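S.K.: Contents are PDB, C-alpha atoms; file name coords.pdb:
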```pdb
ATOM      1  CA  MET A   1     154.219 -73.734 -75.368  1.00  0.00           C
ATOM      2  CA  PRO A   2     154.210 -73.034 -79.131  1.00  0.00           C
ATOM      3  CA  ARG A   3     151.135 -71.294 -80.472  1.00  0.00           C
ATOM      4  CA  SER A   4     150.558 -74.080 -83.002  1.00  0.00           C
ATOM      5  CA  THR A   5     150.401 -76.627 -80.166  1.00  0.00           C
ATOM      6  CA  VAL A   6     147.851 -74.544 -78.290  1.00  0.00           C
ATOM      7  CA  HIS A   7     145.832 -74.255 -81.487  1.00  0.00           C
ATOM      8  CA  ARG A   8     145.754 -78.044 -81.949  1.00  0.00           C
ATOM      9  CA  ILE A   9     144.823 -78.675 -78.311  1.00  0.00           C
ATOM     10  CA  VAL A  10     141.995 -76.145 -78.371  1.00  0.00           C
ATOM     11  CA  HIS A  11     140.501 -77.668 -81.506  1.00  0.00           C
ATOM     12  CA  ARG A  12     140.936 -81.249 -80.311  1.00  0.00           C
ATOM     13  CA  VAL A  13     139.148 -80.533 -77.023  1.00  0.00           C
ATOM     14  CA  THR A  14     136.479 -78.543 -78.826  1.00  0.00           C
ATOM     15  CA  GLU A  15     135.753 -81.346 -81.282  1.00  0.00           C
ATOM     16  CA  GLU A  16     135.444 -83.825 -78.429  1.00  0.00           C
ATOM     17  CA  MET A  17     132.961 -81.590 -76.621  1.00  0.00           C
ATOM     18  CA  VAL A  18     130.917 -80.995 -79.767  1.00  0.00           C
ATOM     19  CA  ALA A  19     130.719 -84.775 -80.219  1.00  0.00           C
ATOM     20  CA  ILE A  20     128.972 -85.170 -76.845  1.00  0.00           C
ATOM     21  CA  CYS A  21     126.953 -81.939 -76.811  1.00  0.00           C
ATOM     22  CA  HIS A  22     123.805 -83.809 -77.890  1.00  0.00           C
ATOM     23  CA  LYS A  23     123.846 -85.490 -74.476  1.00  0.00           C
ATOM     24  CA  VAL A  24     123.534 -82.101 -72.777  1.00  0.00           C
ATOM     25  CA  ILE A  25     121.759 -79.883 -75.318  1.00  0.00           C
ATOM     26  CA  HIS A  26     118.534 -81.564 -76.439  1.00  0.00           C
ATOM     27  CA  LEU A  27     114.802 -80.977 -76.628  1.00  0.00           C
ATOM     28  CA  PRO A  28     112.496 -82.541 -74.036  1.00  0.00           C
ATOM     29  CA  LYS A  29     112.371 -86.266 -74.683  1.00  0.00           C
ATOM     30  CA  THR A  30     109.430 -87.291 -72.505  1.00  0.00           C
ATOM     31  CA  PRO A  31     106.022 -85.828 -71.571  1.00  0.00           C
ATOM     32  CA  GLU A  32     107.306 -85.500 -68.016  1.00  0.00           C
ATOM     33  CA  GLU A  33     110.239 -83.338 -69.128  1.00  0.00           C
ATOM     34  CA  LEU A  34     107.917 -81.126 -71.162  1.00  0.00           C
ATOM     35  CA  GLU A  35     105.531 -80.798 -68.240  1.00  0.00           C
ATOM     36  CA  ALA A  36     108.365 -79.727 -65.946  1.00  0.00           C
ATOM     37  CA  VAL A  37     109.412 -76.999 -68.389  1.00  0.00           C
ATOM     38  CA  THR A  38     105.882 -75.646 -68.862  1.00  0.00           C
ATOM     39  CA  ARG A  39     105.330 -75.542 -65.099  1.00  0.00           C
ATOM     40  CA  GLY A  40     108.622 -73.719 -64.736  1.00  0.00           C
ATOM     41  CA  PHE A  41     107.633 -71.014 -67.228  1.00  0.00           C
ATOM     42  CA  ALA A  42     104.267 -70.635 -65.502  1.00  0.00           C
ATOM     43  CA  GLY A  43     106.144 -69.886 -62.301  1.00  0.00           C
ATOM     44  CA  LEU A  44     108.407 -67.359 -64.016  1.00  0.00           C
ATOM     45  CA  ALA A  45     105.572 -65.491 -65.732  1.00  0.00           C
ATOM     46  CA  ARG A  46     103.153 -65.786 -62.816  1.00  0.00           C
ATOM     47  CA  HIS A  47     100.240 -66.149 -65.179  1.00  0.00           C
ATOM     48  CA  ARG A  48      97.791 -68.968 -65.953  1.00  0.00           C
ATOM     49  CA  VAL A  49      98.463 -68.820 -69.719  1.00  0.00           C
ATOM     50  CA  ALA A  50     102.181 -69.485 -69.270  1.00  0.00           C
ATOM     51  CA  PRO A  51     101.819 -73.302 -68.882  1.00  0.00           C
ATOM     52  CA  ALA A  52     101.466 -73.379 -72.684  1.00  0.00           C
ATOM     53  CA  ALA A  53     104.936 -71.816 -72.997  1.00  0.00           C
ATOM     54  CA  CYS A  54     107.639 -74.422 -73.210  1.00  0.00           C
ATOM     55  CA  TRP A  55     110.728 -72.548 -74.500  1.00  0.00           C
ATOM     56  CA  LYS A  56     112.282 -69.152 -74.932  1.00  0.00           C
ATOM     57  CA  ILE A  57     114.319 -68.248 -78.018  1.00  0.00           C
ATOM     58  CA  ASP A  58     116.862 -65.464 -78.424  1.00  0.00           C
ATOM     59  CA  GLY A  59     120.139 -64.652 -80.148  1.00  0.00           C
ATOM     60  CA  CYS A  60     123.482 -63.083 -79.329  1.00  0.00           C
ATOM     61  CA  HIS A  61     126.563 -61.924 -81.217  1.00  0.00           C
ATOM     62  CA  VAL A  62     129.903 -63.649 -80.696  1.00  0.00           C
ATOM     63  CA  HIS A  63     132.992 -61.614 -81.564  1.00  0.00           C
ATOM     64  CA  ILE A  64     135.253 -63.180 -84.232  1.00  0.00           C
ATOM     65  CA  LYS A  65     138.082 -62.155 -86.513  1.00  0.00           C
ATOM     66  CA  ALA A  66     136.350 -61.101 -89.725  1.00  0.00           C
ATOM     67  CA  PRO A  67     137.291 -62.836 -92.989  1.00  0.00           C
ATOM     68  CA  SER A  68     139.386 -60.764 -95.341  1.00  0.00           C
ATOM     69  CA  GLY A  69     137.943 -59.181 -98.464  1.00  0.00           C
ATOM     70  CA  ARG A  70     134.448 -57.938 -99.160  1.00  0.00           C
ATOM     71  CA  ASP A  71     132.845 -60.878 -97.358  1.00  0.00           C
ATOM     72  CA  GLY A  72     134.246 -59.550 -94.098  1.00  0.00           C
ATOM     73  CA  GLN A  73     131.754 -56.676 -94.116  1.00  0.00           C
ATOM     74  CA  CYS A  74     128.881 -59.170 -93.890  1.00  0.00           C
ATOM     75  CA  TYR A  75     130.069 -60.169 -90.433  1.00  0.00           C
ATOM     76  CA  ARG A  76     129.867 -56.643 -89.015  1.00  0.00           C
ATOM     77  CA  ASN A  77     126.742 -56.288 -86.906  1.00  0.00           C
ATOM     78  CA  ARG A  78     124.812 -53.136 -86.029  1.00  0.00           C
ATOM     79  CA  LYS A  79     127.415 -52.330 -83.368  1.00  0.00           C
ATOM     80  CA  VAL A  80     130.074 -52.491 -86.115  1.00  0.00           C
ATOM     81  CA  PHE A  81     132.185 -55.315 -84.664  1.00  0.00           C
ATOM     82  CA  PRO A  82     132.537 -58.634 -86.588  1.00  0.00           C
ATOM     83  CA  SER A  83     130.529 -61.494 -85.168  1.00  0.00           C
ATOM     84  CA  ILE A  84     128.625 -64.682 -85.791  1.00  0.00           C
ATOM     85  CA  ILE A  85     125.127 -65.197 -84.442  1.00  0.00           C
ATOM     86  CA  LEU A  86     124.177 -67.772 -81.835  1.00  0.00           C
ATOM     87  CA  GLN A  87     120.474 -68.620 -81.753  1.00  0.00           C
ATOM     88  CA  ALA A  88     119.630 -70.356 -78.512  1.00  0.00           C
ATOM     89  CA  VAL A  89     116.516 -71.899 -77.039  1.00  0.00           C
ATOM     90  CA  CYS A  90     116.391 -72.264 -73.255  1.00  0.00           C
ATOM     91  CA  ASP A  91     114.160 -73.989 -70.760  1.00  0.00           C
ATOM     92  CA  HIS A  92     112.822 -72.411 -67.574  1.00  0.00           C
ATOM     93  CA  GLN A  93     116.135 -72.977 -65.771  1.00  0.00           C
ATOM     94  CA  GLY A  94     118.224 -71.282 -68.439  1.00  0.00           C
ATOM     95  CA  ARG A  95     119.633 -74.526 -69.826  1.00  0.00           C
ATOM     96  CA  PHE A  96     120.283 -74.601 -73.553  1.00  0.00           C
ATOM     97  CA  ILE A  97     118.054 -77.180 -75.232  1.00  0.00           C
ATOM     98  CA  ASP A  98     118.653 -76.123 -78.849  1.00  0.00           C
ATOM     99  CA  THR A  99     121.387 -74.059 -80.509  1.00  0.00           C
ATOM    100  CA  TYR A 100     122.070 -72.871 -84.042  1.00  0.00           C
ATOM    101  CA  VAL A 101     125.233 -70.904 -84.752  1.00  0.00           C
ATOM    102  CA  GLY A 102     127.248 -69.545 -87.659  1.00  0.00           C
ATOM    103  CA  TRP A 103     125.335 -66.841 -89.521  1.00  0.00           C
ATOM    104  CA  PRO A 104     127.160 -63.510 -90.145  1.00  0.00           C
ATOM    105  CA  GLY A 105     126.499 -60.746 -87.647  1.00  0.00           C
ATOM    106  CA  SER A 106     124.732 -58.512 -90.172  1.00  0.00           C
ATOM    107  CA  VAL A 107     121.860 -60.987 -90.607  1.00  0.00           C
ATOM    108  CA  HIS A 108     118.610 -60.284 -88.751  1.00  0.00           C
ATOM    109  CA  ASP A 109     117.433 -62.695 -86.040  1.00  0.00           C
ATOM    110  CA  SER A 110     114.237 -63.465 -87.949  1.00  0.00           C
ATOM    111  CA  ARG A 111     116.190 -64.638 -91.010  1.00  0.00           C
ATOM    112  CA  VAL A 112     118.441 -66.846 -88.890  1.00  0.00           C
ATOM    113  CA  LEU A 113     115.308 -68.369 -87.398  1.00  0.00           C
ATOM    114  CA  ARG A 114     113.802 -69.159 -90.811  1.00  0.00           C
ATOM    115  CA  TYR A 115     116.886 -71.146 -91.824  1.00  0.00           C
ATOM    116  CA  SER A 116     117.312 -73.000 -88.535  1.00  0.00           C
ATOM    117  CA  PRO A 117     116.438 -76.704 -88.231  1.00  0.00           C
ATOM    118  CA  LEU A 118     114.064 -75.819 -85.390  1.00  0.00           C
ATOM    119  CA  TYR A 119     111.942 -73.772 -87.817  1.00  0.00           C
ATOM    120  CA  ARG A 120     112.296 -75.917 -90.930  1.00  0.00           C
ATOM    121  CA  GLN A 121     111.707 -79.281 -89.285  1.00  0.00           C
ATOM    122  CA  SER A 122     108.824 -77.969 -87.128  1.00  0.00           C
ATOM    123  CA  VAL A 123     109.024 -80.958 -84.793  1.00  0.00           C
ATOM    124  CA  TYR A 124     108.644 -78.938 -81.610  1.00  0.00           C
ATOM    125  CA  PRO A 125     106.855 -77.597 -79.720  1.00  0.00           C
ATOM    126  CA  PRO A 126     103.939 -80.051 -79.619  1.00  0.00           C
ATOM    127  CA  PRO A 127     100.382 -78.858 -80.392  1.00  0.00           C
ATOM    128  CA  GLY A 128      98.963 -76.511 -77.782  1.00  0.00           C
ATOM    129  CA  HIS A 129     102.361 -75.097 -76.822  1.00  0.00           C
ATOM    130  CA  PHE A 130     104.390 -72.137 -78.016  1.00  0.00           C
ATOM    131  CA  ILE A 131     107.813 -70.524 -77.810  1.00  0.00           C
ATOM    132  CA  LEU A 132     108.371 -67.103 -76.266  1.00  0.00           C
ATOM    133  CA  ALA A 133     110.347 -64.585 -78.320  1.00  0.00           C
ATOM    134  CA  ASP A 134     111.213 -60.894 -78.104  1.00  0.00           C
ATOM    135  CA  GLY A 135     110.184 -58.183 -80.544  1.00  0.00           C
ATOM    136  CA  GLY A 136     113.036 -58.994 -82.922  1.00  0.00           C
ATOM    137  CA  TYR A 137     111.137 -62.086 -84.058  1.00  0.00           C
ATOM    138  CA  PRO A 138     107.830 -62.361 -85.932  1.00  0.00           C
ATOM    139  CA  CYS A 139     104.703 -63.475 -84.117  1.00  0.00           C
ATOM    140  CA  LEU A 140     103.875 -66.797 -85.766  1.00  0.00           C
ATOM    141  CA  GLN A 141     101.387 -69.631 -85.631  1.00  0.00           C
ATOM    142  CA  HIS A 142     102.890 -71.832 -88.365  1.00  0.00           C
ATOM    143  CA  PRO A 143     105.240 -73.546 -88.941  1.00  0.00           C
ATOM    144  CA  LEU A 144     106.667 -72.609 -85.541  1.00  0.00           C
ATOM    145  CA  PRO A 145     104.361 -71.099 -82.897  1.00  0.00           C
ATOM    146  CA  LEU A 146     106.088 -67.969 -81.578  1.00  0.00           C
ATOM    147  CA  ILE A 147     104.505 -65.504 -79.167  1.00  0.00           C
ATOM    148  CA  THR A 148     106.055 -62.026 -79.061  1.00  0.00           C
ATOM    149  CA  PRO A 149     105.145 -58.987 -76.938  1.00  0.00           C
ATOM    150  CA  TYR A 150     102.838 -56.241 -78.186  1.00  0.00           C
ATOM    151  CA  LYS A 151     104.753 -53.652 -80.169  1.00  0.00           C
ATOM    152  CA  ARG A 152     105.160 -50.115 -78.852  1.00  0.00           C
ATOM    153  CA  PRO A 153     103.312 -47.923 -78.240  1.00  0.00           C
ATOM    154  CA  VAL A 154     101.369 -50.446 -76.182  1.00  0.00           C
ATOM    155  CA  GLN A 155      97.717 -49.522 -75.831  1.00  0.00           C
ATOM    156  CA  GLY A 156      95.381 -50.864 -73.221  1.00  0.00           C
ATOM    157  CA  VAL A 157      95.846 -52.309 -69.760  1.00  0.00           C
ATOM    158  CA  GLY A 158      95.526 -55.875 -71.016  1.00  0.00           C
ATOM    159  CA  ALA A 159      98.366 -55.510 -73.513  1.00  0.00           C
ATOM    160  CA  GLN A 160     100.586 -53.859 -70.919  1.00  0.00           C
ATOM    161  CA  ARG A 161      99.919 -56.649 -68.447  1.00  0.00           C
ATOM    162  CA  PHE A 162     100.623 -59.264 -71.114  1.00  0.00           C
ATOM    163  CA  ASN A 163     103.982 -57.659 -71.904  1.00  0.00           C
ATOM    164  CA  ARG A 164     104.967 -57.642 -68.239  1.00  0.00           C
ATOM    165  CA  HIS A 165     104.250 -61.350 -67.833  1.00  0.00           C
ATOM    166  CA  HIS A 166     105.945 -62.081 -71.155  1.00  0.00           C
ATOM    167  CA  SER A 167     109.065 -60.191 -70.064  1.00  0.00           C
ATOM    168  CA  LYS A 168     109.264 -62.082 -66.764  1.00  0.00           C
ATOM    169  CA  ALA A 169     109.061 -65.434 -68.539  1.00  0.00           C
ATOM    170  CA  ARG A 170     111.633 -64.675 -71.243  1.00  0.00           C
ATOM    171  CA  SER A 171     114.234 -63.044 -68.985  1.00  0.00           C
ATOM    172  CA  ILE A 172     115.778 -66.437 -68.232  1.00  0.00           C
ATOM    173  CA  VAL A 173     117.299 -66.903 -71.702  1.00  0.00           C
ATOM    174  CA  GLU A 174     118.647 -63.352 -71.708  1.00  0.00           C
ATOM    175  CA  ARG A 175     120.507 -64.093 -68.480  1.00  0.00           C
ATOM    176  CA  SER A 176     121.815 -67.368 -69.913  1.00  0.00           C
ATOM    177  CA  LEU A 177     123.217 -65.626 -72.980  1.00  0.00           C
ATOM    178  CA  MET A 178     124.833 -62.986 -70.770  1.00  0.00           C
ATOM    179  CA  HIS A 179     126.633 -65.751 -68.879  1.00  0.00           C
ATOM    180  CA  ILE A 180     128.440 -66.930 -72.007  1.00  0.00           C
ATOM    181  CA  PRO A 181     131.084 -64.172 -72.024  1.00  0.00           C
ATOM    182  CA  ALA A 182     131.149 -64.066 -68.228  1.00  0.00           C
ATOM    183  CA  ASN A 183     131.870 -67.775 -67.818  1.00  0.00           C
ATOM    184  CA  HIS A 184     133.994 -68.302 -70.923  1.00  0.00           C
ATOM    185  CA  ARG A 185     136.235 -65.268 -71.273  1.00  0.00           C
ATOM    186  CA  GLN A 186     139.172 -67.400 -72.385  1.00  0.00           C
ATOM    187  CA  SER A 187     137.082 -69.087 -75.062  1.00  0.00           C
ATOM    188  CA  ARG A 188     135.825 -65.713 -76.207  1.00  0.00           C
ATOM    189  CA  ALA A 189     139.402 -64.515 -76.585  1.00  0.00           C
ATOM    190  CA  VAL A 190     140.116 -67.556 -78.742  1.00  0.00           C
ATOM    191  CA  LEU A 191     137.011 -66.833 -80.826  1.00  0.00           C
ATOM    192  CA  ALA A 192     138.190 -63.304 -81.516  1.00  0.00           C
ATOM    193  CA  ASN A 193     141.296 -64.734 -83.173  1.00  0.00           C
ATOM    194  CA  HIS A 194     139.595 -67.382 -85.288  1.00  0.00           C
ATOM    195  CA  ARG A 195     137.753 -67.118 -88.529  1.00  0.00           C
ATOM    196  CA  GLN A 196     134.125 -67.994 -89.040  1.00  0.00           C
ATOM    197  CA  SER A 197     134.394 -71.774 -89.545  1.00  0.00           C
ATOM    198  CA  SER A 198     136.592 -72.324 -86.497  1.00  0.00           C
ATOM    199  CA  ALA A 199     134.622 -69.879 -84.369  1.00  0.00           C
ATOM    200  CA  THR A 200     131.379 -71.707 -85.129  1.00  0.00           C
ATOM    201  CA  THR A 201     132.780 -74.955 -83.757  1.00  0.00           C
ATOM    202  CA  LEU A 202     134.220 -73.217 -80.701  1.00  0.00           C
ATOM    203  CA  GLN A 203     130.922 -71.505 -79.988  1.00  0.00           C
ATOM    204  CA  LYS A 204     129.157 -74.873 -79.902  1.00  0.00           C
ATOM    205  CA  LYS A 205     131.597 -75.880 -77.176  1.00  0.00           C
ATOM    206  CA  ILE A 206     130.828 -72.729 -75.188  1.00  0.00           C
ATOM    207  CA  CYS A 207     127.150 -73.703 -75.059  1.00  0.00           C
ATOM    208  CA  VAL A 208     127.965 -76.991 -73.333  1.00  0.00           C
ATOM    209  CA  PRO A 209     127.922 -76.540 -69.541  1.00  0.00           C
ATOM    210  CA  PRO A 210     130.252 -78.555 -67.297  1.00  0.00           C
ATOM    211  CA  LEU A 211     128.982 -82.114 -67.155  1.00  0.00           C
ATOM    212  CA  SER A 212     129.243 -82.057 -63.395  1.00  0.00           C
ATOM    213  CA  SER A 213     126.655 -79.266 -63.101  1.00  0.00           C
TER     214      SER A 213
END
```
For this file, produce the structure as structure tokens.

M.R.:
Amino acid sequence: MPRSTVHRIVHRVTEEMVAICHKVIHLPKTPEELEAVTRGFAGLARHRVAPAACWKIDGCHVHIKAPSGRDGQCYRNRKVFPSIILQAVCDHQGRFIDTYVGWPGSVHDSRVLRYSPLYRQSVYPPPGHFILADGGYPCLQHPLPLITPYKRPVQGVGAQRFNRHHSKARSIVERSLMHIPANHRQSRAVLANHRQSSATTLQKKICVPPLSS
């Protein structure tokens, strides 16, 4: 099959999947859905404070073919390979409920967060709830409540215990992001041969799980 035909098929399928991704990737729509997520995080963290946690946010780098010229250097991350950044928010079962993708790999996670619709619109989480984040993000109260672990060196038994429970609760999104290259090796190979604009669209498709799952 000609390479141009494969290229058209990949993009046609990708566009179709992006068009329906809102049916799979979405924030909790009802109080019952939110309650299920908060109970799930409480079970993961094994701590009474965890019911206030309703999401976990993290980011990962997706390998792409860097643009030519000086702009290409902006896409090289700290591990020196060109990438775009996927910011993902997961529920307690590791399902993506919000994604934001496309920033160059050299940009810090905290800056990506500040420009994301999740941060700027500040619609979720509802009052009394917060999002778990790792140390690469700022600890915030407004406009988006983020709870991060205590920075090292951690002093005091209470802070150490908090970090342990925090780590247990946030591990689910880290596993979900690790599954992207494991479950979509062919898509990742396509991404490595596409430039930023095409790779961004393809990465949205990767975040959509099989509808039968």

S.K.: Which residues would end up in the selection if the PyMOL selection byres ((chain A and resi 60) around 9) were applied here, given that I need the answer as a VMD selection string?

M.R.: chain A and resid 58 to 59 61 to 62 84 to 88 177 to 178

S.K.: Mind pulling up the distance from CA of Phe41 (chain A) to CA of Ser176 (chain A)?

M.R.: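 Result for CA of Ser176 (chain A) versus CA of Phe41 (chain A): 14.9 Å, one decimal.
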
S.K.: Find, counting only C-alpha atoms, the residue in A:Met17, A:His26, A:Leu44, A:Phe81 that gets nearest to Leu118 (chain A).

M.R.: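 Selected residue with least distance to Leu118 (chain A): A:His26.
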
S.K.: How big is the axis-aligned box around the listed atoms of region 148-166 of chain A once 5 Å is added on each side, and where is its centre? Give both in Å to one decimal, as AutoDock Vina command-line options.

M.R.:
```
--center_x 100.7 --center_y -55.0 --center_z -74.0 --size_x 20.7 --size_y 24.2 --size_z 22.3
```

S.K.: Which residues come within 10 Å of Tyr124 (chain A), counting only C-alpha atoms, excluding same-chain residues fewer than 4 positions away, as a VMD selection string?

M.R.: chain A and resid 27 to 28 54 to 55 118 to 119 129 to 131 143 to 145

S.K.: Using all atoms listed in the file for the distances, tell me which of A:Thr148, A:Pro104, A:Gln121, A:Ala36 is nearest to Asp71 (chain A).

M.R.: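 Of the candidates, the smallest distance to Asp71 (chain A) is held by A:Pro104.
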
S.K.: May I ask for the distance between CA of Gln155 (chain A) and CA of Arg46 (chain A), given in Å to one decimal place?

M.R.: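 Separation between CA of Gln155 (chain A) and CA of Arg46 (chain A): 21.5 Å.
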